[in-house]
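Peer 1: I am attaching a structure below and will ask some questions about it afterwards.
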Amino acid sequence: MEFTKGHGTGNDFVILPDPDGALDLTPDLVAGLCDRRRGLGGDGVLRVVRAAKHPDGVALADEAEWFMDYWNADGSFAEMCGNGARVFVRYLLATGLAAPTGGTLPVATRAGLVRARVDGDTIAVEMRRPRLYDASHAALSGLTLPGTAVDVGNPHLVCALPAGIDLTDLDLTRAPEFDPRVFPHGVNVEFTTPGAPLDGTDGHVLMRVYERGSAETLSCGTGACAVAAVALRDAARDTGVVAVDVPGGRLTVTVTTDSCWLAGPAILVATGTLTLP
């Protein structure tokens, strides 16, 4: 089987072309592909399949030709992946499978339809506006940190670190504890500290993330959107532009009255052939 490897600010994916949905993609196969020692290695798998050929995408087939079938590194499903969507679009463009119409390209996902805009190395995807819906907490390394629950098509918990604790102090080799009553299907947990003011933005935040199904990653696109929404709320703003620095680079989030745009680099680094077990 052919594969492509790509990443968005270090959030890396194994991309599998399967236009007609013929591949028997299983949790064990996904976990094996994402294994960084025995497989190709990645934070997840992006299967490229026509929306009309996938049961989760067929309802959107009239609006988007391609469905992003995203799997976490442990073989579980995820509703949405912002960086994954940007890398998915880069793959469609690079392989000639799709081209923007009127400046945008639609993609079907489990969280609904997303639109993409391309500007050189930068790809921006429009997703639903983050919804802040509850107060909760996370426990990590003896700390109990209050946080905000955010829905970006998938669940997030954004926790600001107290003064005197640096992001580099956190041990994210283990999953943070959270309230399963608030997050019955698991949650991505973001830890944040404020960044220095940047021209052209309404906020600047530094972030690390522990993703459900993938452990700590260098970046999380939907997590950046959740963090930006919380930062704007704390600044008493409904809309605005927030720069979010992750270990893998910088993402720019623009929250509007009815949507959220995630922008950053999306890069394809390798192609090849893999041997299935």
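Chains: A, B, ... in order of the structure tokens. Residues: from 1 per chain. Ligands: from 1, in order shown.
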Write out as a ChimeraX atom specification the residues lying within 8 Å of segment 169-174 of chain A, counting only C-alpha atoms and excluding same-chain residues fewer than 3 positions away.

Peer 2: /A:140-141,165-166,210,215-216

Peer 1: Fewer than 4 positions away in the same chain doesn't count, so skip those; otherwise give me all residues within 7 Å of segment 70-82 of chain A, counting only C-alpha atoms, as a count of residues only.

Peer 2: 21

Peer 1: If you run DSSP over the backbone, which residues in segment 41-99 of chain A end up strand (DSSP E)? Put them as number ranges by chain.

Peer 2: A: 44-50, 66-72

Peer 1: Find the distance between atom CA of Val87 of chain A and atom CA of Lys5 of chain A and write it in Å to one decimal.

Peer 2: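 Interatomic distance here is 9.4 Å.
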
Peer 1: Which residues in segment 173-228 of chain A does DSSP call helix (DSSP H, G or I)? List them as a list in words.

Peer 2: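 For segment 173-228 of chain A, the helix (DSSP H, G or I) set is Gly221, Thr222, Gly223, Ala224, Cys225, Ala226, Val227 and Ala228 of chain A.
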
Peer 1: Report as CSV the residues of segment 86-187 of chain A within 12 Å of segment 237-244 of chain A, each with its shortest atom pair and distance in Å (one decimal), using only C-alpha atoms, ordered by chain and increasing residue number.

Peer 2:
residue,atom,partner,partner_atom,distance
A:Arg129,CA,A:Thr239,CA,9.9
A:Pro130,CA,A:Asp238,CA,11.0
A:Arg131,CA,A:Asp238,CA,11.4
A:Leu132,CA,A:Asp238,CA,11.6
